[in-house]
$ cat structure_15.cif   # mmCIF, C-alpha atoms
data_entry
loop_
_atom_site.label_atom_id
_atom_site.label_comp_id
_atom_site.auth_asym_id
_atom_site.auth_seq_id
_atom_site.Cartn_x
_atom_site.Cartn_y
_atom_site.Cartn_z
CA MET A 8 8.31 -17.93 -2.71
CA ASP A 9 5.00 -18.39 -0.95
CA THR A 10 2.72 -15.40 -1.62
CA ALA A 11 1.71 -15.12 2.05
CA LEU A 12 5.36 -14.94 3.08
CA PHE A 13 6.02 -12.33 0.38
CA ARG A 14 3.06 -10.22 1.58
CA ILE A 15 4.20 -10.47 5.19
CA LEU A 16 7.80 -9.47 4.36
CA ALA A 17 6.71 -6.64 2.06
CA GLY A 18 4.19 -5.50 4.66
CA LEU A 19 6.78 -5.44 7.43
CA LEU A 20 9.17 -3.46 5.23
CA LEU A 21 6.41 -0.90 4.67
CA VAL A 22 5.39 -0.78 8.33
CA PHE A 23 8.88 -0.02 9.59
CA PHE A 24 10.74 1.50 6.61
CA GLY A 25 8.02 2.78 4.25
CA ARG A 26 9.01 6.41 4.64
CA LYS A 27 12.63 5.72 3.76
CA LEU A 28 11.70 3.26 1.00
CA PHE A 29 9.15 5.46 -0.75
CA TRP A 30 10.16 4.08 -4.15
CA PHE A 31 9.45 0.55 -2.83
CA PHE A 32 6.07 1.72 -1.50
CA ILE A 33 5.07 3.10 -4.91
CA GLY A 34 6.38 0.04 -6.76
CA LEU A 35 4.60 -2.34 -4.40
CA LEU A 36 1.33 -0.41 -4.71
CA GLY A 37 1.67 -0.55 -8.50
CA PHE A 38 2.37 -4.27 -8.34
CA ILE A 39 -0.62 -4.97 -6.04
CA THR A 40 -2.94 -2.84 -8.15
CA GLY A 41 -1.70 -4.38 -11.39
CA PHE A 42 -2.06 -7.91 -10.07
CA THR A 43 -5.54 -7.24 -8.67
CA LEU A 44 -6.73 -5.69 -11.93
CA ALA A 45 -5.09 -8.39 -14.07
CA THR A 46 -6.80 -11.18 -12.11
CA GLN A 47 -10.17 -9.40 -12.35
CA TRP A 48 -9.94 -8.34 -15.99
CA PHE A 49 -8.13 -11.42 -17.32
CA PRO A 50 -9.28 -14.27 -15.05
CA HIS A 51 -8.73 -16.95 -17.69
CA GLU A 52 -5.19 -15.91 -18.59
CA SER A 53 -2.17 -17.64 -17.13
CA GLY A 54 -0.69 -16.60 -13.82
CA MET A 55 2.48 -15.60 -15.69
CA PHE A 56 0.49 -13.12 -17.81
CA GLN A 57 -1.04 -11.61 -14.68
CA LEU A 58 2.39 -11.47 -13.03
CA ILE A 59 3.87 -9.66 -16.04
CA ILE A 60 1.13 -7.03 -15.84
CA ALA A 61 1.71 -6.65 -12.09
CA VAL A 62 5.48 -6.27 -12.50
CA GLY A 63 4.93 -3.76 -15.31
CA CYS A 64 2.64 -1.66 -13.11
CA GLY A 65 5.16 -1.83 -10.29
CA LEU A 66 7.94 -0.66 -12.61
CA ILE A 67 5.77 2.22 -13.82
CA GLY A 68 5.35 3.26 -10.18
CA VAL A 69 9.09 3.18 -9.56
CA LEU A 70 9.78 5.14 -12.77
CA LEU A 71 7.21 7.73 -11.71
CA PHE A 72 9.08 8.09 -8.44
CA PHE A 73 12.42 8.73 -10.12
CA PHE A 74 11.19 11.04 -12.89
CA LEU A 75 7.93 12.67 -11.73
CA LYS A 76 8.02 12.82 -7.94
CA ARG A 77 4.93 15.04 -7.50
CA VAL A 78 2.85 12.78 -9.73
CA ALA A 79 4.25 9.72 -7.94
CA ILE A 80 3.22 11.18 -4.57
CA ALA A 81 -0.37 11.73 -5.74
CA VAL A 82 -0.54 8.30 -7.40
CA ALA A 83 0.86 6.59 -4.29
CA GLY A 84 -1.63 8.40 -2.08
CA PHE A 85 -4.50 7.38 -4.37
CA LEU A 86 -3.44 3.72 -4.58
CA ALA A 87 -2.73 3.41 -0.84
CA GLY A 88 -5.97 5.16 0.13
CA GLY A 89 -7.93 2.98 -2.28
CA PHE A 90 -6.23 -0.22 -1.11
CA PHE A 91 -6.85 0.56 2.55
CA ALA A 92 -10.47 1.70 2.03
CA THR A 93 -11.29 -1.45 0.04
CA ALA A 94 -9.69 -3.69 2.68
CA LEU A 95 -11.61 -1.85 5.39
CA ILE A 96 -14.94 -2.29 3.60
CA GLN A 97 -14.22 -5.98 2.92
CA THR A 98 -13.74 -6.63 6.63
CA SER A 99 -16.92 -4.77 7.60
CA THR A 100 -20.54 -5.78 7.21
CA LEU A 101 -21.15 -3.12 4.55
CA HIS A 102 -21.89 -4.43 1.08
CA MET A 103 -21.04 -2.20 -1.84
CA PRO A 104 -19.12 -2.42 -5.09
CA PRO A 105 -15.37 -2.25 -4.31
CA LEU A 106 -14.88 0.61 -6.76
CA ILE A 107 -16.77 3.10 -4.56
CA PRO A 108 -14.58 2.83 -1.44
CA TYR A 109 -11.49 2.51 -3.64
CA VAL A 110 -12.15 5.81 -5.40
CA ILE A 111 -13.19 7.66 -2.22
CA GLY A 112 -10.21 6.30 -0.26
CA GLY A 113 -7.95 7.00 -3.21
CA ILE A 114 -8.97 10.64 -3.49
CA LEU A 115 -8.57 11.15 0.26
CA GLY A 116 -5.18 9.38 0.23
CA ALA A 117 -3.92 11.50 -2.70
CA ILE A 118 -5.02 14.73 -1.03
CA LEU A 119 -3.57 13.69 2.32
CA LEU A 120 -0.22 12.59 0.92
CA SER A 121 0.09 15.72 -1.23
CA MET A 122 -0.72 18.11 1.63
CA VAL A 123 1.10 16.69 4.64
CA PHE A 124 3.73 14.52 3.03
CA ASP A 125 5.84 13.25 5.93
CA TRP A 126 3.08 12.28 8.35
CA ALA A 127 0.76 11.06 5.62
CA LEU A 128 3.55 8.89 4.21
CA ILE A 129 4.26 7.41 7.64
CA ILE A 130 0.58 6.69 8.26
CA LEU A 131 -0.18 5.34 4.77
CA THR A 132 2.87 3.06 4.68
CA ALA A 133 2.09 1.76 8.19
CA LEU A 134 -1.58 1.16 7.26
CA THR A 135 -0.72 -0.48 3.94
CA GLY A 136 2.00 -2.68 5.43
CA ALA A 137 -0.16 -3.69 8.39
CA THR A 138 -3.02 -4.52 6.02
CA LEU A 139 -0.74 -6.73 3.91
CA VAL A 140 0.51 -8.59 7.00
CA ALA A 141 -2.93 -8.94 8.58
CA ARG A 142 -4.51 -10.23 5.36
CA ALA A 143 -1.67 -12.72 4.79
CA ALA A 144 -1.73 -14.09 8.33
CA THR A 145 -4.17 -16.90 8.96
CA LEU A 146 -5.36 -15.88 12.40
CA ASP A 147 -8.70 -15.60 14.13
CA PRO A 148 -10.40 -12.28 13.30
CA ILE A 149 -9.71 -10.77 16.74
CA PHE A 150 -5.99 -11.63 16.51
CA THR A 151 -5.90 -10.26 12.97
CA LEU A 152 -7.33 -6.98 14.25
CA ILE A 153 -4.88 -6.89 17.17
CA THR A 154 -1.98 -7.62 14.81
CA PHE A 155 -3.12 -4.84 12.49
CA VAL A 156 -3.47 -2.25 15.27
CA VAL A 157 -0.16 -3.17 16.93
CA LEU A 158 1.69 -3.00 13.59
CA VAL A 159 0.20 0.38 12.69
CA ILE A 160 1.11 1.86 16.09
CA ALA A 161 4.60 0.33 16.03
CA GLY A 162 5.18 1.46 12.45
CA VAL A 163 4.08 5.05 13.07
CA PHE A 164 6.18 5.22 16.23
CA PHE A 165 9.27 3.64 14.65
CA GLN A 166 9.18 5.66 11.45
CA SER A 167 8.54 8.96 13.22
CA ARG A 168 11.18 8.46 15.93
CA TYR A 169 14.10 6.54 14.51
CA LEU A 170 14.44 7.18 10.83
CA GLY A 171 15.03 10.93 10.62
CA PRO A 172 13.85 13.00 7.66
CA ALA A 173 12.55 11.24 4.57
CA PRO A 174 14.81 11.81 1.56
CA VAL A 175 11.85 12.40 -0.78
CA ALA A 176 10.24 15.12 1.37
CA GLN A 177 13.24 17.35 0.82
CA LYS A 178 13.23 16.85 -2.96
CA ALA A 179 9.49 16.70 -3.66
#
$ encode --input "structure_15.cif" --output "C-alpha cells"
Amino acid sequence: MDTALFRILAGLLLVFFGRKLFWFFIGLLGFITGFTLATQWFPHESGMFQLIIAVGCGLIGVLLFFFLKRVAIAVAGFLAGGFFATALIQTSTLHMPPLIPYVIGGILGAILLSMVFDWALIILTALTGATLVARAATLDPIFTLITFVVLVIAGVFFQSRYLGPAPVAQKA
C-alpha cells in the first residue's frame, strides 16, 4: 500500500473516530514514533528492519492501552503533543533542533490528556489525524493549511457531537 494513502486513511480515522479508537491512536503514535526513530538511528538498515521496529513500538502502545490505561494516556498525550509540535515547527520559519519542540509539546500533551481526558483526546486525535492527512497530501501550502484547519474543525465537531461517551474515559 502506498504510504501516502496509508497516512491519509489513518489520519481520517483519527480525525473522525480517534476518541472511540483510542487503542488505534496509541498504536499509530507508537508506530509513527518507532518508524521515525528507526529511520534516524538506523538510516543504513533495510526498510524491513525499520518497519519491524515501528510495528513493535505500535504493539507496545496497544499493549499499554489494554494493561496500563493511565500510563497509556500519558504516553499518548506525550507522543501526540510531540508529533504535533514538531510538525508545527517544521512548517514555520523557526529553526531549532526537533527534539526541543517535541519534548515541550510532549509534556504539554501528556498533561493536557491526563487532566481533561475527553476534550483533550478529541483535540489531539483531530490534530494528529489532520497533520497526517495534510503532510501526505501533495497540495500547495495554502490548500494544505486549509485542509488541515477544515479537518481539525470537522473532527472536533464530529467526535464531540455524534460519537457519545468515549469507552476509555469511563474506565481510565
$ residues_near_point --input "structure_15.cif" --point "(10.0, -1.5, 7.2)" --cutoff "12 Å" --atoms "only C-alpha atoms" --output "ChimeraX atom specification"
/A:15-29,31-32,129,132-137,140,158-159,161-166,169-170
$ atom_distance --input "structure_15.cif" --atom1 "atom CA of Ala83 of chain A" --atom2 "atom CA of Ile111 of chain A"
14.2 Å
$ closest_residue --input "structure_15.cif" --among "A:Val62, A:Ala144, A:Val156, A:Leu128" --to "Phe38 of chain A" --atoms "all atoms listed in the file"
A:Val62
$ closest_residue --input "structure_15.cif" --among "A:Leu44, A:Ile130, A:Ile118, A:Leu146" --to "Ile160 of chain A" --atoms "only C-alpha atoms"
A:Ile130
$ atom_distance --input "structure_15.cif" --atom1 "atom CA of Gly41 of chain A" --atom2 "atom CA of Gly89 of chain A"
13.3 Å
$ residues_around --input "structure_15.cif" --residues "Val110 of chain A" --least-positions-apart "5" --cutoff "10 Å" --atoms "all atoms listed in the file" --output "list in words"
Phe85, Leu86, Gly88, Gly89, Phe90, Ala92, Thr93, Pro105, Leu115 and Gly116 of chain A
$ atom_distance --input "structure_15.cif" --atom1 "atom CA of Phe74 of chain A" --atom2 "atom CA of Thr43 of chain A"
25.1 Å
$ closest_residue --input "structure_15.cif" --among "A:Ala127, A:Ile153, A:Ile33, A:Leu139" --to "Cys64 of chain A" --atoms "only C-alpha atoms"
A:Ile33
$ resolve_selection --input "structure_15.cif" --expression "the PyMOL selection byres ((chain A and resi 58) around 12)" --output "list in words"
Gly37, Phe38, Ile39, Thr40, Gly41, Phe42, Thr43, Leu44, Ala45, Thr46, Phe49, Glu52, Ser53, Gly54, Met55, Phe56, Gln57, Ile59, Ile60, Ala61, Val62, Gly63, Cys64 and Gly65 of chain A
$ write_last_selection --input "structure_15.cif" --atoms "C-alpha atoms" --output "PDB file, keeping the file's coordinate frame"
ATOM      1  CA  GLY A  37       1.670  -0.550  -8.500  1.00  0.00           C
ATOM      2  CA  PHE A  38       2.370  -4.270  -8.340  1.00  0.00           C
ATOM      3  CA  ILE A  39      -0.620  -4.970  -6.040  1.00  0.00           C
ATOM      4  CA  THR A  40      -2.940  -2.840  -8.150  1.00  0.00           C
ATOM      5  CA  GLY A  41      -1.700  -4.380 -11.390  1.00  0.00           C
ATOM      6  CA  PHE A  42      -2.060  -7.910 -10.070  1.00  0.00           C
ATOM      7  CA  THR A  43      -5.540  -7.240  -8.670  1.00  0.00           C
ATOM      8  CA  LEU A  44      -6.730  -5.690 -11.930  1.00  0.00           C
ATOM      9  CA  ALA A  45      -5.090  -8.390 -14.070  1.00  0.00           C
ATOM     10  CA  THR A  46      -6.800 -11.180 -12.110  1.00  0.00           C
ATOM     11  CA  PHE A  49      -8.130 -11.420 -17.320  1.00  0.00           C
ATOM     12  CA  GLU A  52      -5.190 -15.910 -18.590  1.00  0.00           C
ATOM     13  CA  SER A  53      -2.170 -17.640 -17.130  1.00  0.00           C
ATOM     14  CA  GLY A  54      -0.690 -16.600 -13.820  1.00  0.00           C
ATOM     15  CA  MET A  55       2.480 -15.600 -15.690  1.00  0.00           C
ATOM     16  CA  PHE A  56       0.490 -13.120 -17.810  1.00  0.00           C
ATOM     17  CA  GLN A  57      -1.040 -11.610 -14.680  1.00  0.00           C
ATOM     18  CA  ILE A  59       3.870  -9.660 -16.040  1.00  0.00           C
ATOM     19  CA  ILE A  60       1.130  -7.030 -15.840  1.00  0.00           C
ATOM     20  CA  ALA A  61       1.710  -6.650 -12.090  1.00  0.00           C
ATOM     21  CA  VAL A  62       5.480  -6.270 -12.500  1.00  0.00           C
ATOM     22  CA  GLY A  63       4.930  -3.760 -15.310  1.00  0.00           C
ATOM     23  CA  CYS A  64       2.640  -1.660 -13.110  1.00  0.00           C
ATOM     24  CA  GLY A  65       5.160  -1.830 -10.290  1.00  0.00           C
TER      25      GLY A  65
END
$ build_atoms --input "structure_15.cif" --residues "segment 74-92 of chain A" --atoms "N, CA and C atoms" --output "mmCIF file, in the frame of the given file"
data_model
loop_
_atom_site.group_PDB
_atom_site.id
_atom_site.type_symbol
_atom_site.label_atom_id
_atom_site.label_comp_id
_atom_site.auth_asym_id
_atom_site.auth_seq_id
_atom_site.Cartn_x
_atom_site.Cartn_y
_atom_site.Cartn_z
ATOM 1 N N PHE A 74 11.259 9.985 -11.886
ATOM 2 C CA PHE A 74 11.190 11.040 -12.890
ATOM 3 C C PHE A 74 10.111 12.098 -12.635
ATOM 4 N N LEU A 75 9.030 11.733 -11.982
ATOM 5 C CA LEU A 75 7.930 12.670 -11.730
ATOM 6 C C LEU A 75 7.476 12.531 -10.274
ATOM 7 N N LYS A 76 8.269 13.039 -9.359
ATOM 8 C CA LYS A 76 8.020 12.820 -7.940
ATOM 9 C C LYS A 76 6.644 13.330 -7.491
ATOM 10 N N ARG A 77 6.237 14.493 -7.923
ATOM 11 C CA ARG A 77 4.930 15.040 -7.500
ATOM 12 C C ARG A 77 3.787 14.148 -7.983
ATOM 13 N N VAL A 78 3.870 13.686 -9.202
ATOM 14 C CA VAL A 78 2.850 12.780 -9.730
ATOM 15 C C VAL A 78 2.891 11.463 -8.964
ATOM 16 N N ALA A 79 4.095 10.977 -8.683
ATOM 17 C CA ALA A 79 4.250 9.720 -7.940
ATOM 18 C C ALA A 79 3.633 9.833 -6.558
ATOM 19 N N ILE A 80 3.791 10.983 -5.905
ATOM 20 C CA ILE A 80 3.220 11.180 -4.570
ATOM 21 C C ILE A 80 1.699 11.089 -4.632
ATOM 22 N N ALA A 81 1.090 11.767 -5.608
ATOM 23 C CA ALA A 81 -0.370 11.730 -5.740
ATOM 24 C C ALA A 81 -0.856 10.326 -6.098
ATOM 25 N N VAL A 82 -0.162 9.660 -7.004
ATOM 26 C CA VAL A 82 -0.540 8.300 -7.400
ATOM 27 C C VAL A 82 -0.418 7.344 -6.208
ATOM 28 N N ALA A 83 0.678 7.458 -5.468
ATOM 29 C CA ALA A 83 0.860 6.590 -4.290
ATOM 30 C C ALA A 83 -0.224 6.833 -3.259
ATOM 31 N N GLY A 84 -0.560 8.085 -3.024
ATOM 32 C CA GLY A 84 -1.630 8.400 -2.080
ATOM 33 C C GLY A 84 -2.960 7.811 -2.538
ATOM 34 N N PHE A 85 -3.250 7.933 -3.838
ATOM 35 C CA PHE A 85 -4.500 7.380 -4.370
ATOM 36 C C PHE A 85 -4.537 5.859 -4.228
ATOM 37 N N LEU A 86 -3.460 5.187 -4.638
ATOM 38 C CA LEU A 86 -3.440 3.720 -4.580
ATOM 39 C C LEU A 86 -3.487 3.206 -3.143
ATOM 40 N N ALA A 87 -2.727 3.849 -2.250
ATOM 41 C CA ALA A 87 -2.730 3.410 -0.840
ATOM 42 C C ALA A 87 -4.085 3.670 -0.197
ATOM 43 N N GLY A 88 -4.647 4.849 -0.427
ATOM 44 C CA GLY A 88 -5.970 5.160 0.130
ATOM 45 C C GLY A 88 -7.039 4.213 -0.392
ATOM 46 N N GLY A 89 -6.974 3.922 -1.688
ATOM 47 C CA GLY A 89 -7.930 2.980 -2.280
ATOM 48 C C GLY A 89 -7.766 1.571 -1.752
ATOM 49 N N PHE A 90 -6.522 1.127 -1.635
ATOM 50 C CA PHE A 90 -6.230 -0.220 -1.110
ATOM 51 C C PHE A 90 -6.747 -0.365 0.313
ATOM 52 N N PHE A 91 -6.431 0.626 1.148
ATOM 53 C CA PHE A 91 -6.850 0.560 2.550
ATOM 54 C C PHE A 91 -8.371 0.653 2.682
ATOM 55 N N ALA A 92 -9.013 1.551 1.948
ATOM 56 C CA ALA A 92 -10.470 1.700 2.030
ATOM 57 C C ALA A 92 -11.178 0.420 1.577
#
